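So this one's start.cif, mmCIF, C-alpha atoms:
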```cif
data_entry
#
loop_
_atom_site.label_atom_id
_atom_site.label_comp_id
_atom_site.auth_asym_id
_atom_site.auth_seq_id
_atom_site.Cartn_x
_atom_site.Cartn_y
_atom_site.Cartn_z
CA MET D 1 90.99 141.53 95.39
CA ASN D 2 92.36 143.80 98.12
CA LYS D 3 95.54 145.80 97.76
CA ASN D 4 97.62 143.64 100.10
CA ALA D 5 96.66 140.45 98.30
CA PHE D 6 97.49 142.03 94.94
CA SER D 7 100.90 143.19 96.21
CA PHE D 8 101.65 139.72 97.53
CA ILE D 9 100.75 138.00 94.26
CA ARG D 10 102.76 140.53 92.27
CA ALA D 11 105.77 139.97 94.54
CA VAL D 12 105.53 136.22 94.07
CA VAL D 13 105.35 136.58 90.30
CA LEU D 14 108.23 139.07 90.25
CA GLY D 15 110.23 136.78 92.50
CA SER D 16 109.80 133.93 90.07
CA LEU D 17 110.92 136.11 87.18
CA ILE D 18 113.93 137.56 89.01
CA LEU D 19 115.17 134.46 90.76
CA GLY D 20 114.24 131.84 88.21
CA GLY D 21 111.54 130.16 90.22
CA GLY D 22 113.01 130.98 93.60
CA SER D 23 116.25 129.02 93.31
CA VAL D 24 119.22 130.27 95.30
CA SER D 25 122.54 130.46 93.49
CA ALA D 26 125.37 128.80 95.39
CA ALA D 27 129.10 128.89 94.90
CA SER D 28 130.74 126.01 93.10
CA PRO D 29 134.20 125.44 91.63
CA SER D 30 132.99 126.62 88.23
CA LYS D 31 130.23 129.05 89.12
CA PRO D 32 130.42 132.03 91.50
CA ALA D 33 127.78 132.70 94.13
CA GLU D 34 125.26 135.20 92.85
CA ILE D 35 123.38 137.98 94.60
CA LYS D 36 120.29 139.32 92.83
CA ALA D 37 119.80 142.98 93.67
CA VAL D 38 117.48 145.88 92.90
CA LEU D 39 117.90 149.65 93.20
CA TRP D 40 115.32 152.04 94.64
CA ILE D 41 115.96 154.24 91.59
CA SER D 42 116.18 153.22 87.95
CA PRO D 43 119.72 152.19 86.92
CA GLY D 44 121.85 154.57 84.91
CA ARG D 45 121.15 157.75 86.89
CA SER D 46 124.05 159.85 88.19
CA ILE D 47 122.76 159.23 91.70
CA SER D 48 123.21 155.46 91.38
CA LYS D 49 125.73 154.67 88.66
CA ASN D 50 128.59 154.18 91.12
CA VAL D 51 126.63 151.35 92.72
CA GLU D 52 126.32 149.61 89.38
CA THR D 53 130.02 149.87 88.65
CA VAL D 54 132.27 150.59 91.63
CA PHE D 55 130.53 148.60 94.37
CA VAL D 56 129.75 145.63 92.14
CA ASP D 57 133.39 145.54 90.99
CA MET D 58 134.69 145.89 94.55
CA VAL D 59 132.72 142.87 95.72
CA LYS D 60 133.88 140.82 92.77
CA LYS D 61 137.54 141.72 93.36
CA LYS D 62 137.44 141.23 97.13
CA SER D 63 135.88 137.81 96.65
CA ASN D 64 138.39 136.86 93.91
CA GLY D 65 135.47 136.43 91.53
CA GLU D 66 133.65 133.97 93.80
CA LEU D 67 130.78 136.39 94.44
CA VAL D 68 128.93 138.52 91.89
CA ILE D 69 126.11 141.04 92.27
CA ASN D 70 123.63 141.18 89.42
CA ILE D 71 121.36 144.22 89.45
CA ALA D 72 117.99 143.21 88.04
CA GLY D 73 116.76 146.79 87.78
CA GLY D 74 114.97 149.39 89.83
CA PRO D 75 111.38 150.25 90.74
CA GLU D 76 110.24 149.02 87.34
CA VAL D 77 111.11 145.51 88.58
CA ILE D 78 109.82 145.80 92.15
CA PRO D 79 108.14 149.04 93.32
CA LYS D 80 110.45 150.90 95.67
CA THR D 81 107.92 150.79 98.51
CA GLU D 82 107.92 146.97 98.31
CA GLN D 83 111.60 146.26 97.71
CA VAL D 84 112.83 145.84 101.29
CA GLN D 85 109.83 143.72 102.25
CA ALA D 86 110.56 141.57 99.19
CA CYS D 87 114.14 141.28 100.43
CA SER D 88 112.98 140.27 103.90
CA ASP D 89 110.71 137.66 102.30
CA GLY D 90 113.58 136.24 100.25
CA ILE D 91 112.16 137.26 96.87
CA ILE D 92 115.27 139.33 96.18
CA ASP D 93 118.71 139.01 97.80
CA MET D 94 119.81 142.62 98.14
CA VAL D 95 118.36 146.12 97.93
CA PHE D 96 120.18 149.40 97.47
CA ALA D 97 117.44 151.09 99.41
CA VAL D 98 116.29 154.49 100.62
CA THR D 99 115.04 154.60 104.21
CA GLY D 100 112.03 156.75 103.41
CA GLU D 101 110.58 153.81 101.49
CA TYR D 102 111.00 151.12 104.13
CA HIS D 103 110.31 152.50 107.58
CA GLN D 104 107.09 150.49 107.38
CA VAL D 105 109.32 147.41 107.57
CA VAL D 106 112.03 148.72 109.91
CA PRO D 107 110.50 151.77 111.67
CA GLN D 108 113.74 152.89 113.31
CA VAL D 109 115.42 153.68 109.96
CA SER D 110 113.29 156.82 109.82
CA ALA D 111 116.02 158.28 112.08
CA LEU D 112 119.08 156.87 110.32
CA HIS D 113 119.95 160.13 108.55
CA LEU D 114 119.75 162.07 111.83
CA SER D 115 123.03 160.65 113.11
CA PRO D 116 125.56 163.51 113.38
CA THR D 117 128.49 161.15 112.77
CA THR D 118 129.83 159.70 109.54
CA PRO D 119 128.96 156.16 108.40
CA TRP D 120 132.58 155.05 108.91
CA ALA D 121 132.66 156.53 112.42
CA ASP D 122 129.43 154.66 113.14
CA ARG D 123 131.32 151.40 112.57
CA THR D 124 133.39 152.07 115.70
CA ASN D 125 130.99 153.97 117.96
CA GLY D 126 128.27 151.31 118.18
CA ILE D 127 125.75 152.85 115.78
CA TYR D 128 126.54 150.43 112.95
CA ASP D 129 126.05 147.46 115.28
CA TYR D 130 122.73 148.94 116.39
CA TRP D 131 121.49 149.03 112.79
CA VAL D 132 122.68 145.48 112.15
CA ASN D 133 120.75 144.20 115.18
CA ILE D 134 117.60 146.17 114.34
CA HIS D 135 117.55 144.85 110.76
CA LYS D 136 118.06 141.27 111.92
CA LYS D 137 114.73 141.49 113.76
CA HIS D 138 113.14 141.81 110.33
CA LYS D 139 115.13 139.02 108.60
CA LEU D 140 117.47 141.53 107.01
CA TYR D 141 121.21 142.07 107.15
CA TYR D 142 122.40 145.67 107.18
CA LEU D 143 125.64 146.17 105.25
CA GLY D 144 125.94 149.94 105.38
CA ARG D 145 125.14 153.20 103.64
CA TRP D 146 125.83 154.26 100.08
CA ASN D 147 125.49 157.99 100.36
CA TYR D 148 126.68 160.76 102.60
CA ASP D 149 127.20 164.51 102.35
CA MET D 150 123.87 165.06 100.61
CA ASN D 151 121.24 167.48 101.85
CA PHE D 152 117.72 168.43 100.91
CA VAL D 153 117.34 172.04 99.71
CA PHE D 154 114.52 174.18 98.34
CA HIS D 155 114.30 174.81 94.59
CA LEU D 156 112.00 177.64 93.45
CA ARG D 157 110.41 179.18 90.35
CA LYS D 158 111.17 182.56 91.90
CA LYS D 159 114.46 184.12 90.85
CA SER D 160 115.17 185.41 94.31
CA ILE D 161 113.89 185.67 97.86
CA SER D 162 115.36 187.59 100.79
CA SER D 163 113.37 186.15 103.67
CA ARG D 164 111.64 182.92 104.61
CA SER D 165 108.42 184.92 104.86
CA GLU D 166 108.35 184.85 101.04
CA PHE D 167 107.55 181.12 101.16
CA LYS D 168 104.06 182.03 102.33
CA GLY D 169 101.46 180.62 99.94
CA LEU D 170 103.98 178.88 97.69
CA LYS D 171 103.00 175.41 96.44
CA ILE D 172 105.91 173.12 97.32
CA ALA D 173 106.53 169.42 96.66
CA PRO D 174 107.95 168.30 100.04
CA THR D 175 110.25 165.50 98.89
CA GLY D 176 112.00 163.87 101.85
CA ARG D 177 108.89 164.08 104.02
CA LEU D 178 109.55 167.72 104.80
CA ASP D 179 105.91 168.71 104.76
CA LYS D 180 106.07 170.12 108.31
CA VAL D 181 108.89 172.46 107.32
CA VAL D 182 106.89 173.65 104.31
CA GLU D 183 103.88 174.28 106.56
CA ALA D 184 105.99 176.14 109.13
CA LEU D 185 107.21 178.40 106.32
CA GLY D 186 103.61 179.14 105.34
CA GLY D 187 103.80 177.12 102.14
CA VAL D 188 101.29 174.64 100.76
CA ASN D 189 102.30 171.00 100.36
CA VAL D 190 101.59 169.46 96.95
CA GLU D 191 102.53 165.82 96.46
CA VAL D 192 104.31 165.45 93.11
CA GLY D 193 106.62 162.59 92.11
CA GLY D 194 110.00 163.10 90.53
CA ARG D 195 108.77 162.09 87.08
CA GLU D 196 106.04 164.74 87.19
CA MET D 197 108.22 167.50 88.63
CA TYR D 198 109.21 169.12 85.35
CA GLY D 199 105.66 169.38 84.03
CA ALA D 200 104.26 170.64 87.34
CA MET D 201 106.90 173.36 87.55
CA GLU D 202 106.55 174.29 83.89
CA LYS D 203 102.78 174.69 84.18
CA GLY D 204 102.92 176.58 87.45
CA LEU D 205 101.20 173.82 89.39
CA LEU D 206 104.24 174.02 91.67
CA ASP D 207 106.17 177.03 92.89
CA GLY D 208 109.01 174.88 94.10
CA TYR D 209 110.19 171.54 95.35
CA VAL D 210 112.53 169.99 97.88
CA TRP D 211 115.27 167.80 96.44
CA SER D 212 118.79 166.73 97.31
CA ASP D 213 121.66 169.02 96.36
CA SER D 214 123.01 166.36 93.98
CA GLY D 215 121.37 163.81 91.73
CA ARG D 216 118.83 166.18 90.23
CA LEU D 217 117.50 165.64 86.71
CA SER D 218 119.35 167.92 84.31
CA SER D 219 116.11 169.06 82.65
CA TRP D 220 114.92 170.62 85.90
CA LYS D 221 117.30 173.52 85.26
CA GLU D 222 114.83 174.68 82.62
CA VAL D 223 112.01 175.19 85.13
CA THR D 224 113.97 176.21 88.23
CA LYS D 225 115.06 179.80 88.83
CA SER D 226 116.73 179.57 92.23
CA VAL D 227 118.07 177.26 94.93
CA VAL D 228 117.84 178.30 98.57
CA ASP D 229 121.40 177.39 99.51
CA HIS D 230 120.76 176.28 103.09
CA PRO D 231 120.47 172.55 103.87
CA VAL D 232 117.06 171.69 105.27
CA LEU D 233 117.87 168.13 106.30
CA SER D 234 120.41 165.42 105.59
CA ALA D 235 119.51 163.29 102.57
CA ALA D 236 121.98 160.55 103.56
CA THR D 237 119.24 157.93 103.56
CA PHE D 238 120.58 155.26 101.18
CA THR D 239 121.34 151.85 102.67
CA ILE D 240 122.51 148.43 101.46
CA VAL D 241 120.44 145.61 102.94
CA MET D 242 120.40 141.88 102.29
CA ASN D 243 118.12 138.99 103.06
CA GLU D 244 119.60 137.67 106.31
CA LYS D 245 119.20 134.02 105.33
CA LYS D 246 120.99 134.65 102.03
CA PHE D 247 123.83 136.45 103.79
CA ASN D 248 124.19 133.65 106.34
CA SER D 249 124.22 131.05 103.55
CA LEU D 250 127.44 132.49 102.14
CA PRO D 251 130.80 131.09 103.27
CA LYS D 252 132.52 133.22 105.90
CA HIS D 253 135.15 134.55 103.48
CA LEU D 254 132.42 135.81 101.11
CA GLN D 255 130.55 137.43 103.99
CA ASP D 256 133.81 139.14 104.89
CA ALA D 257 134.26 140.28 101.28
CA LEU D 258 130.80 141.88 101.33
CA THR D 259 131.19 143.64 104.67
CA ALA D 260 134.70 144.85 103.79
CA ALA D 261 133.47 146.22 100.45
CA ALA D 262 130.56 148.02 102.14
CA ALA D 263 132.85 149.61 104.71
CA GLU D 264 135.37 150.72 102.09
CA TYR D 265 132.59 152.01 99.84
CA GLU D 266 131.12 154.49 102.34
CA PRO D 267 133.90 157.14 102.18
CA ILE D 268 134.21 156.59 98.45
CA MET D 269 130.56 157.53 98.03
CA ALA D 270 130.87 160.49 100.38
CA LYS D 271 133.50 161.92 98.04
CA TYR D 272 131.47 160.93 94.98
CA TYR D 273 128.41 162.88 96.13
CA ALA D 274 130.49 165.84 97.32
CA ASP D 275 132.09 166.02 93.86
CA LEU D 276 128.71 165.54 92.16
CA LYS D 277 127.27 168.38 94.24
CA LYS D 278 130.08 170.73 93.13
CA LYS D 279 129.69 169.70 89.50
CA GLU D 280 125.92 170.20 89.49
CA GLU D 281 126.19 173.54 91.27
CA GLN D 282 128.58 174.79 88.59
CA GLU D 283 126.29 173.52 85.83
CA TRP D 284 123.21 175.08 87.40
CA LYS D 285 124.91 178.41 88.03
CA GLY D 286 126.11 178.32 84.45
CA ALA D 287 122.50 177.89 83.35
CA GLY D 288 121.54 181.03 85.26
CA ILE D 289 120.14 179.42 88.39
CA ASN D 290 120.47 181.75 91.39
CA PHE D 291 121.91 180.17 94.56
CA ILE D 292 120.45 182.22 97.39
CA LYS D 293 122.06 182.83 100.77
CA LEU D 294 119.68 184.26 103.35
CA SER D 295 120.75 186.11 106.48
CA PRO D 296 122.53 184.00 109.13
CA GLU D 297 119.41 184.03 111.30
CA GLU D 298 117.10 183.01 108.46
CA GLY D 299 119.52 180.36 107.24
CA ARG D 300 119.92 178.94 110.73
CA TRP D 301 116.13 178.64 111.11
CA ILE D 302 115.95 176.55 107.93
CA THR D 303 118.86 174.26 108.84
CA GLU D 304 117.60 173.69 112.38
CA SER D 305 113.92 173.25 111.55
CA GLY D 306 114.43 170.15 109.39
CA PRO D 307 115.95 167.93 112.09
CA THR D 308 113.50 169.24 114.71
CA PHE D 309 110.47 168.26 112.66
CA ALA D 310 112.16 165.04 111.53
CA TRP D 311 112.59 163.87 115.12
CA GLU D 312 108.93 164.66 115.80
CA MET D 313 108.01 162.44 112.85
CA VAL D 314 110.31 159.68 114.12
CA LYS D 315 108.54 159.72 117.48
CA LYS D 316 105.19 159.20 115.77
CA ILE D 317 106.54 156.34 113.68
CA VAL D 318 108.41 154.37 116.35
CA GLY D 319 106.65 155.33 119.57
CA PRO D 320 108.06 156.98 122.72
CA GLU D 321 110.18 154.04 123.93
CA SER D 322 112.06 153.46 120.66
CA TYR D 323 112.31 157.23 120.20
CA THR D 324 114.16 157.58 123.50
CA GLN D 325 116.44 154.68 122.58
CA LEU D 326 117.19 156.16 119.15
CA ARG D 327 118.18 159.53 120.58
CA LYS D 328 120.40 157.77 123.12
CA VAL D 329 122.10 155.68 120.39
CA LEU D 330 122.43 158.36 117.70
CA LEU D 331 122.82 161.53 119.75
CA ARG D 332 124.21 160.04 122.97
CA GLN D 333 121.35 161.71 124.86
#
```
Represent the structure contained in this file as structure tokens.
Amino acid sequence: MNKNAFSFIRAVVLGSLILGGGSVSAASPSKPAEIKAVLWISPGRSISKNVETVFVDMVKKKSNGELVINIAGGPEVIPKTEQVQACSDGIIDMVFAVTGEYHQVVPQVSALHLSPTTPWADRTNGIYDYWVNIHKKHKLYYLGRWNYDMNFVFHLRKKSISSRSEFKGLKIAPTGRLDKVVEALGGVNVEVGGREMYGAMEKGLLDGYVWSDSGRLSSWKEVTKSVVDHPVLSAATFTIVMNEKKFNSLPKHLQDALTAAAAEYEPIMAKYYADLKKKEEQEWKGAGINFIKLSPEEGRWITESGPTFAWEMVKKIVGPESYTQLRKVLLRQ
């Protein structure tokens, strides 16, 4: 059996388990409408717990209890690379997604985090409407983003560096598809998943890794000696997407409750991640982790290289025509 056939069968089976044989919950006088959702990351993590509490509660309150979101789980329920496709297919109603795992479904989202404006500004400048229309082409409804003010940074086993030339030869896990930046620094890309990061760093199989500046695993402090305190690239890649048919099946006032909650949630999460970043930085510094500031020139090279290489990757993913359109929409170029 080929891989695609296996994935399809697994999705069908998972859909039956999650949705009770594929039935769609509808609102009634005694029973609220139900949205079955999954997270791209396992529930309970600091990076996602606000989704499980704040957003779910907001939707319930704004709908006067007529609409509830039930989170079935994370990648242990549906693999994160298959979640958005499963949502498009109607196997699941909603995904709290990460764009890096679904540009195969909606190629343009590979550029979503390259917008220089805030998610709430995007709701008035046309960018939000662009994402809604793009997602509709794939039977999805785009509600918004659930992170902002997060950036990818380098974490190293070295206690200190003074120049980017010291990256030469280092084995780096390029989380966030930052392999081109690692290569430009003279490093060696080594693909390691988050669950294997601790062991790889502990054993010296890695000299460092790229990760967001909040939402790290606490245990990584034990194997990390320094953080290069210059953002490589925005990590604001989390989106809320729904099956379009499911969204359209809801009464207008419940659709409004969802969209209002998503809009209100975006600045809440921006503050949440900004606070989480400060808290983690204090904890990591307290554990002896060195936060390194390079010279202005060196730091500028790092912060500018990420977006440059990211746009090159976007062009390869979407093609020249969509690339030009994306730059016009996001950058007004």
Calculate how many Å separate atom CA of Ser115 of chain D from atom CA of Glu264 of chain D, rounding to one decimal.
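Separation of atom CA of Ser115 of chain D and atom CA of Glu264 of chain D: 19.3 Å.
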Do you know which residues the PyMOL selection byres ((chain D and resi 47) around 9) returns on this file, as a PyMOL selection string?
chain D and resi 41+44-46+48-51+214-216+273+276
Would you kindly return, as a ChimeraX atom specification, each protein, DNA or RNA residue with an atom no farther than 12 Å from any atom of Tyr148 of chain D, considering only C-alpha atoms and excluding same-chain residues fewer than 5 positions away?
/D:47,112-120,212-214,234-239,265-277
Could you pull the residues within 10 Å of Phe167 of chain D, counting all atoms listed in the file, minus those fewer than 3 positions along the same chain, as a list in words?
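Contacts, with the query itself left out: Leu156, Ile161, Ser163, Arg164, Leu170, Lys171, Ile172, Val182, Glu183, Ala184, Leu185, Gly186, Gly187, Val188, Asp207 and Gly208 of chain D.
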Give me, as a tab-separated table, the closest atom pair and its distance (Å, one decimal) for every residue of segment 192-212 of chain D within a cut-off of 7 Å of segment 222-231 of chain D, counting all atoms listed in the file, rows sorted by chain and rising number.
```
residue	atom	partner	partner_atom	distance
D:Tyr198	CA	D:Val223	CA	6.7
D:Met201	CA	D:Val223	CA	5.9
D:Glu202	CA	D:Val223	CA	5.7
```
Any idea what the distance is between atom CA of Ser249 of chain D and atom CA of Lys80 of chain D?
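So the two atoms, atom CA of Ser249 of chain D and atom CA of Lys80 of chain D, lie 25.4 Å apart.
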Selected by the PyMOL selection byres ((chain D and resi 121-133) around 12) in the shown coordinates: which residues, as a CSV table (one decimal) with C-alpha atoms, in the coordinates of the input?
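And here's result.csv as it stands now:
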```
chain,number,residue,atom,x,y,z
D,106,VAL,CA,112.0,148.7,109.9
D,107,PRO,CA,110.5,151.8,111.7
D,108,GLN,CA,113.7,152.9,113.3
D,109,VAL,CA,115.4,153.7,110.0
D,110,SER,CA,113.3,156.8,109.8
D,111,ALA,CA,116.0,158.3,112.1
D,112,LEU,CA,119.1,156.9,110.3
D,113,HIS,CA,120.0,160.1,108.6
D,114,LEU,CA,119.8,162.1,111.8
D,115,SER,CA,123.0,160.6,113.1
D,116,PRO,CA,125.6,163.5,113.4
D,117,THR,CA,128.5,161.2,112.8
D,118,THR,CA,129.8,159.7,109.5
D,119,PRO,CA,129.0,156.2,108.4
D,120,TRP,CA,132.6,155.0,108.9
D,134,ILE,CA,117.6,146.2,114.3
D,135,HIS,CA,117.6,144.8,110.8
D,136,LYS,CA,118.1,141.3,111.9
D,137,LYS,CA,114.7,141.5,113.8
D,138,HIS,CA,113.1,141.8,110.3
D,139,LYS,CA,115.1,139.0,108.6
D,140,LEU,CA,117.5,141.5,107.0
D,141,TYR,CA,121.2,142.1,107.2
D,142,TYR,CA,122.4,145.7,107.2
D,143,LEU,CA,125.6,146.2,105.2
D,144,GLY,CA,125.9,149.9,105.4
D,145,ARG,CA,125.1,153.2,103.6
D,239,THR,CA,121.3,151.8,102.7
D,240,ILE,CA,122.5,148.4,101.5
D,241,VAL,CA,120.4,145.6,102.9
D,242,MET,CA,120.4,141.9,102.3
D,244,GLU,CA,119.6,137.7,106.3
D,259,THR,CA,131.2,143.6,104.7
D,260,ALA,CA,134.7,144.8,103.8
D,262,ALA,CA,130.6,148.0,102.1
D,263,ALA,CA,132.8,149.6,104.7
D,264,GLU,CA,135.4,150.7,102.1
D,266,GLU,CA,131.1,154.5,102.3
D,267,PRO,CA,133.9,157.1,102.2
D,325,GLN,CA,116.4,154.7,122.6
D,326,LEU,CA,117.2,156.2,119.2
D,327,ARG,CA,118.2,159.5,120.6
D,328,LYS,CA,120.4,157.8,123.1
D,329,VAL,CA,122.1,155.7,120.4
D,330,LEU,CA,122.4,158.4,117.7
D,331,LEU,CA,122.8,161.5,119.8
D,332,ARG,CA,124.2,160.0,123.0
```
Any idea what the distance is between atom CA of Gly199 of chain D and atom CA of Met150 of chain D?
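Between atom CA of Gly199 of chain D and atom CA of Met150 of chain D the gap works out to 25.0 Å.
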When you count all atoms listed in the file, which of these residues is closest to Glu304 of chain D: D:Ile317, D:Val232, D:Leu217, D:Ile292?
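Closest residue, counting all atoms listed in the file: D:Val232.
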When you look at segment 81-94 of chain D with a cut-off of 7 Å (counting all atoms listed in the file), what residues show up, excluding the ones that are within fewer than 2 positions of it in the same chain? I need them as a PyMOL selection string.
chain D and resi 11+15+35-38+78-79+96+101-102+105+138-140+241-243+246
Pick out the closest residue to Val181 of chain D from this set: D:Val68, D:Val210, D:Val56, D:Val318. Count only C-alpha atoms.
D:Val210
Write out as a PyMOL selection string the residues lying within 8 Å of Val59 of chain D, counting all atoms listed in the file and excluding same-chain residues fewer than 4 positions away.
chain D and resi 55+63+67-69+257-258+261
